[in-house]
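J.: This is the structure I have questions about; it appears just below.
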There are 2 protein chains.
Amino acid sequence: MAEKEVIKTVTIKDIAERAGVSFSTVSKALRNSPLVQEKTKLKVLRIAEEMGYQPNIAARRLVSKKSWAIGFVWPSVERATTGALMTLINEKLEERSYTTLLSINRIESAIAAFHRFQVDAIFIFYNHDEKVPPDYSYNTNIPILVYGVAGHVPYPTIDVRRDQATKLAVEHLYELGHRNIAYIGQPVRYDLLQEEKIRKFREEGERLGLKHIIAPVENMETHSGYLAAKQILQHKDDRPTAIVSGSYDLTRGILQAAQELKLSVPEQLSIVSYDNIPQSANLEVPLTTVGVELSSIADKATETLLHLVDEESVPDAIYMEPELTLRRSTAPPAAR
Amino acid sequence: MAEKEVIKTVTIKDIAERAGVSFSTVSKALRNSPLVQEKTKLKVLRIAEEMGYQPNIAARRLVSKKSWAIGFVWPSVERATTGALMTLINEKLEERSYTTLLSINRIESAIAAFHRFQVDAIFIFYNHDEKVPPDYSYNTNIPILVYGVAGHVPYPTIDVRRDQATKLAVEHLYELGHRNIAYIGQPVRYDLLQEEKIRKFREEGERLGLKHIIAPVENMETHSGYLAAKQILQHKDDRPTAIVSGSYDLTRGILQAAQELKLSVPEQLSIVSYDNIPQSANLEVPLTTVGVELSSIADKATETLLHLVDEESVPDAIYMEPELTLRRSTAPPAAR
DNA sequence: CTGTTAGCGCGTTCAA
DNA sequence: TTGAACGCGCTAACAG
C-alpha cells in the first residue's frame with residue numbers, strides 16, 4: 001500500500017470537532033466576530049492554522065453573495081497605457097484583498113462569463129473597434145464602470161479631460177516660443193477619445209495664431225508614429241519645431257524618426273507626449289507629458305469600483321484634470 | 001418578445017417557475033441530460049435564454065467538485081501569437097462548456113487566485129522574463145499544463161520542435177537557391193524558446209555552407225523587427241537575399257522595412273516567418289511560414305487540459321512537429 | 001420521463 | 001457567549 005495519502009480538505013466542521021466547539025462558533029472565530037470569547041477565538045485560530053485550513057470560497061460566496069473578485073474587460077490588449085493602468089488597478093485591488101479576473105473576449109461574452117463567476121463589479125476598457133449602439137446596456141445587474149467615452153454609455157464612467165490636456169500642451173509650446181507645431185494622432189471618426197484631442201489642437205492653434213498641422217496615423221502603434229513623424233520632418237525648410245503626440249506608443253516612434261534624421265530632442269525638436277505613464281521618465285530623453293498621472297486614475301478607478309461594490313452611488317461621469325509634467329523633451333526652438 | 005429582463009440574478013428556480021416544471025428538471029435540461037423530454041428541454045432552454053440565465057459557478061462547484069473553469073496564466077500579453085492561440089483554445093473550451101479565466105499577474109499569484117477559485121486546471125504561457133528556478137513547483141494540487149519550455153519545468157508541457165522549424169526554413173531557402181541568408185530573432189540567453197531556433201540556424205548554415213548572419217533584436221515587438229531588417233538590408237552589395245524571421249510580429253516589421261527600402265517581396269527578398277497564425281495568410285504578401293498550425297496546437301492543448309481535468313495521465317512532454325507552409329513570400333533569388 | 005429529497009461548506013439568523 | 005437550524009444555487013440520488 002504505497003498509496004499516497006489522500007489529503008482531505010479540512011472544513012470548519014473538522015476544526016469544530018477538534019476544538020470541541022460547534023462549527024458556527026468556528027465560523028465566527030475565523031471571521032473575527034466579537035461574539036466569541038477571546039480565548040476560544042485564539043484556540044480555534046491555532047487549530048485552523050495547524051490543520052492547514054483553507055476557506056472554501058465557493059461556499060462562502062454562495063451564502064455571502066460576494067466573490068471578492070472584480071472582472072476586467074480588456075479587448076484592446078496592445079496599448080502600453082491601458083496595460084500599465086490595468087496593472088496598477090490590479091495592485092491596488094489586491095491590497096484591498098480583491099482578486100482581478102480578466103477577459104479578452106468581446107464585451108458581451110466577457111460580461112456573461114463574469115456573471116457566471118458572480119464578480120462584484122466589472123470594469124470595461126472600452127474598445128473602439130467594437131461598434132456598440134451608444135445607449136446599449138448589457139444584460140447583467142452587476143455594477144459596471146467604464147473607462148473613457150464619458151457621456152456615450154449608460155454606465156458610470158471615469159475619464160480624462162482630453163481636450164484640456166491638448167490645450168496644456170499647445171500653450172506650453174507657445175510659451176516656449178514655438179510657432180510651428182504638429183499633432184500626430186489618430187483622426188478616425190469613431191474613436192471618440194482621439195478625436196477630442198485633435199479638435200482642441202485645431203482650436204488652440206487658431207486661437208494662438210500658430211502654424212499647426214495634423215499628421216494622421218493609421219493606428220496607434222509605434223511604427224505609425226514613426227512614419228508620420230518621418231513624413232512631417234523631412235522637408236528641411238518649413239519643418240515644425242515641436243510635436244504634440246497623441247500617445248506614448250506613438251511618441252516612441254517619433255523619437256525613432258528624430259534620431260534617424262539626426263534631429264536632437266529637445267534642441268531641434270520639442271515633443272510633448274500624451275499619456276503620463278511611468279515609462280515616460282525612463283526614455284533616453286525623459287518626456288514632457290500632458291495627462292493625468294496614471295496612478296491617480298488607478299486610485300480613482302479602484303475607489304469607484306469599491307463604491308459600486310458596496311452599492312453606494314457614484315457620479316455618472318468622473319473627469320480627471322490633466323496636468324503638464326515638465327521633463328526634458330521640450331525647450332525653446334533653435335534660432336534660425 | 002425580444003426583450004430581456006434583468007432585475008435580479010436568475011436561478012434555475014426562476015426558470016422552473018416560469019416553465020411550469022420542477023427546478024431539477026431545469027437542471028437536467030440545461031445540462032442536456034437524456035432524462036428529459038426533447039420538448040420540455042427546448043422550452044426550458046428557450047426560457048433560460050430569454051431570462052438571461054447564467055449558471056452560478058460557485059454553487060455548481062460546491063456540489064459537483066468541479067467548476068468547469070480553467071485558468072490561464074498569461075503574463076506576456078503583448079505577443080500576437082500567444083494572443084491568437086489563447087483565443088483559439090478559449091473557443092474550443094467553450095464548445096466543451098468550459099469557462100476560461102485569465103490572469104496577467106505573476107505566475108505565483110495568478111496560481112494562488114486560481115486556486116481560490118477552484119479552477120479545474122491551469123494553463124501557463126511561460127513568461128521568460130520571470131526567472132523561476134527550473135524545477136520550481138507551485139503550491140497547488142490543481143493540474144498544470146505549460147506551453148513551451150519542455151524539459152525545463154516539473155509539469156507536463158506542450159511544445160513545438162522549434163529547431164526543426166528553423167531547419168525547414170533554411171532548407172527551403174537553400175533549395176530555392178539562396179546562399180546568403182539572415183536570421184532576425186532574439187538571442188537573449190534566458191529565453192530558451194528563441195535560443196533554440198537560433199542555435200539550429202547556425203548549425204544549418206554551416207552544414208549547408210551558407211553565408212548566414214544573425215541580427216539581434218531587443219525584444220519581440222514589430223518595431224524591433226523593422227530596425228533589425230533596416231540595418232541588415234541597407235548595404236546594397238552584400239545584402240542577404242532571404243530572411244528567416246523569429247516571429248510573426250517581427251515579420252511585420254521586416255515587411256515595413258522592405259517596403260521602405262523599395263525591396264519587393266519575394267522578388268528581391270524572400271522571407272520565411274516562424275509562427276503559422278491565420279493572419280500570416282492575410283498580409284499583402286501572404287507569408288511562407290514554418291511552424292505548427294495554431295489550431296492544431298490549440299486542439300492538442302485543449303485535449304490535454306481535459307485529460308488533466310479528468311485525472312487521466314498525460315505525457316510529460318508533448319512535441320508538435322512543424323511544417324513548411326508555402327505562400328508567396330519566398331522565391332528564387334534574383335539573378336545578379 | 002418528471003418531481004422530491006438530500007446535501008455540498010459556509011454565514012446568519014434565532015434560541016438557549 | 002454559544003449552538004441549532006436554515007438556506008444560498010446547484011447536482012445527484014431516488015421515487016413517482
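Every chain in the C-alpha cells takes a letter, A first, then B, and so on in the order presented; its residues are numbered from 1, and the ligands are numbered from 1 following the presented order.
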Tell me as an MDAnalysis selection string which residues belonging to chain A come within 10 Å of chain C, counting only C-alpha atoms (C1' of nucleotides).
T.: chainID A and resid 11:13 23:24 27:28 31 55:64
J.: Chain B vs chain A: Cα RMSD after least-squares superposition over all Cα in order?
T.: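 For chain B versus chain A, the C-alpha RMSD is 3.6 Å.
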J.: Between CA of Tyr147 (chain B) and CA of Pro75 (chain B), what is the distance, to one decimal in Å?
T.: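 The value is 12.5 Å.
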J.: When you draw a straight line from CA of Gly83 (chain B) to CA of Ser224 (chain A), how long is it in Å?
T.: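 CA of Ser224 (chain A) lies at a distance of 21.3 Å from CA of Gly83 (chain B).
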J.: Assign secondary structure with DSSP using the backbone only, and return the residues of region 140-319 of chain B in helix (DSSP H, G or I) as a VMD selection string.
T.: chain B and resid 162 to 176 192 to 207 222 to 234 248 to 260 278 to 282 294 to 309
J.: Taking only C-alpha atoms into account, which residues of chain A are within 7 Å of chain B, as number ranges by chain?
T.: A: 57-59, 61-62, 77-78, 99, 101-103, 113, 115-117, 139-141, 222-223
J.: Let's see if you can do this: from backbone DSSP, list all strand (DSSP E) residues in region 79-243 of chain B, as an NGL selection string.
T.: :B and (99-103 or 121-125 or 144-147 or 157-160 or 180-185 or 211-216 or 242-243)
J.: Can you check which residues of chain A have any atom within 7 Å of chain D? Use only C-alpha atoms (C1' of nucleotides) and format it as an NGL selection string.
T.: :A and (22 or 25 or 35-37 or 62-63)
J.: Put those residues in a file: all heavy atoms, as a short mmCIF file (atom, residue, chain, number, x, y, z; two decimals), in the first residue's frame.
T.:
data_model
loop_
_atom_site.label_atom_id
_atom_site.label_comp_id
_atom_site.auth_asym_id
_atom_site.auth_seq_id
_atom_site.Cartn_x
_atom_site.Cartn_y
_atom_site.Cartn_z
N SER A 22 -18.90 24.18 18.45
CA SER A 22 -19.75 23.95 17.28
C SER A 22 -19.14 24.65 16.06
O SER A 22 -18.36 25.58 16.19
CB SER A 22 -21.15 24.49 17.52
OG SER A 22 -21.18 25.86 17.20
N THR A 25 -19.49 28.41 15.76
CA THR A 25 -18.54 29.18 16.58
C THR A 25 -17.22 29.33 15.84
O THR A 25 -16.61 30.40 15.83
CB THR A 25 -18.29 28.46 17.92
OG1 THR A 25 -19.52 28.30 18.61
CG2 THR A 25 -17.33 29.26 18.78
N LEU A 35 -18.49 38.19 18.79
CA LEU A 35 -19.42 37.34 19.52
C LEU A 35 -18.79 36.06 20.07
O LEU A 35 -19.50 35.18 20.51
CB LEU A 35 -20.60 36.97 18.61
CG LEU A 35 -21.45 38.15 18.13
CD1 LEU A 35 -22.55 37.67 17.19
CD2 LEU A 35 -22.04 38.90 19.31
N VAL A 36 -17.49 35.97 20.00
CA VAL A 36 -16.85 34.80 20.61
C VAL A 36 -15.79 35.26 21.61
O VAL A 36 -15.17 36.31 21.44
CB VAL A 36 -16.19 33.87 19.57
CG1 VAL A 36 -17.22 33.15 18.75
CG2 VAL A 36 -15.26 34.66 18.68
N GLN A 37 -15.63 34.43 22.61
CA GLN A 37 -14.65 34.74 23.65
C GLN A 37 -13.24 34.78 23.06
O GLN A 37 -12.91 33.97 22.19
CB GLN A 37 -14.71 33.64 24.70
CG GLN A 37 -14.74 34.12 26.10
CD GLN A 37 -15.01 32.96 27.04
OE1 GLN A 37 -15.36 33.18 28.18
NE2 GLN A 37 -14.87 31.76 26.58
N LEU A 62 -21.33 31.60 -2.06
CA LEU A 62 -22.72 31.19 -2.25
C LEU A 62 -23.63 31.82 -1.21
O LEU A 62 -24.70 32.31 -1.53
CB LEU A 62 -22.81 29.67 -2.15
CG LEU A 62 -24.11 29.04 -2.58
CD1 LEU A 62 -24.45 29.50 -3.97
CD2 LEU A 62 -23.98 27.53 -2.53
N VAL A 63 -23.18 31.82 0.02
CA VAL A 63 -24.05 32.36 1.06
C VAL A 63 -23.88 33.86 1.24
O VAL A 63 -24.85 34.56 1.50
CB VAL A 63 -23.86 31.60 2.38
CG1 VAL A 63 -22.41 31.29 2.61
CG2 VAL A 63 -24.41 32.36 3.54
#
J.: Tell me, in Å to one decimal, how far CA of Arg252 (chain B) is from CA of Val285 (chain B).
T.: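 Going from CA of Arg252 (chain B) over to CA of Val285 (chain B), I get 10.5 Å.
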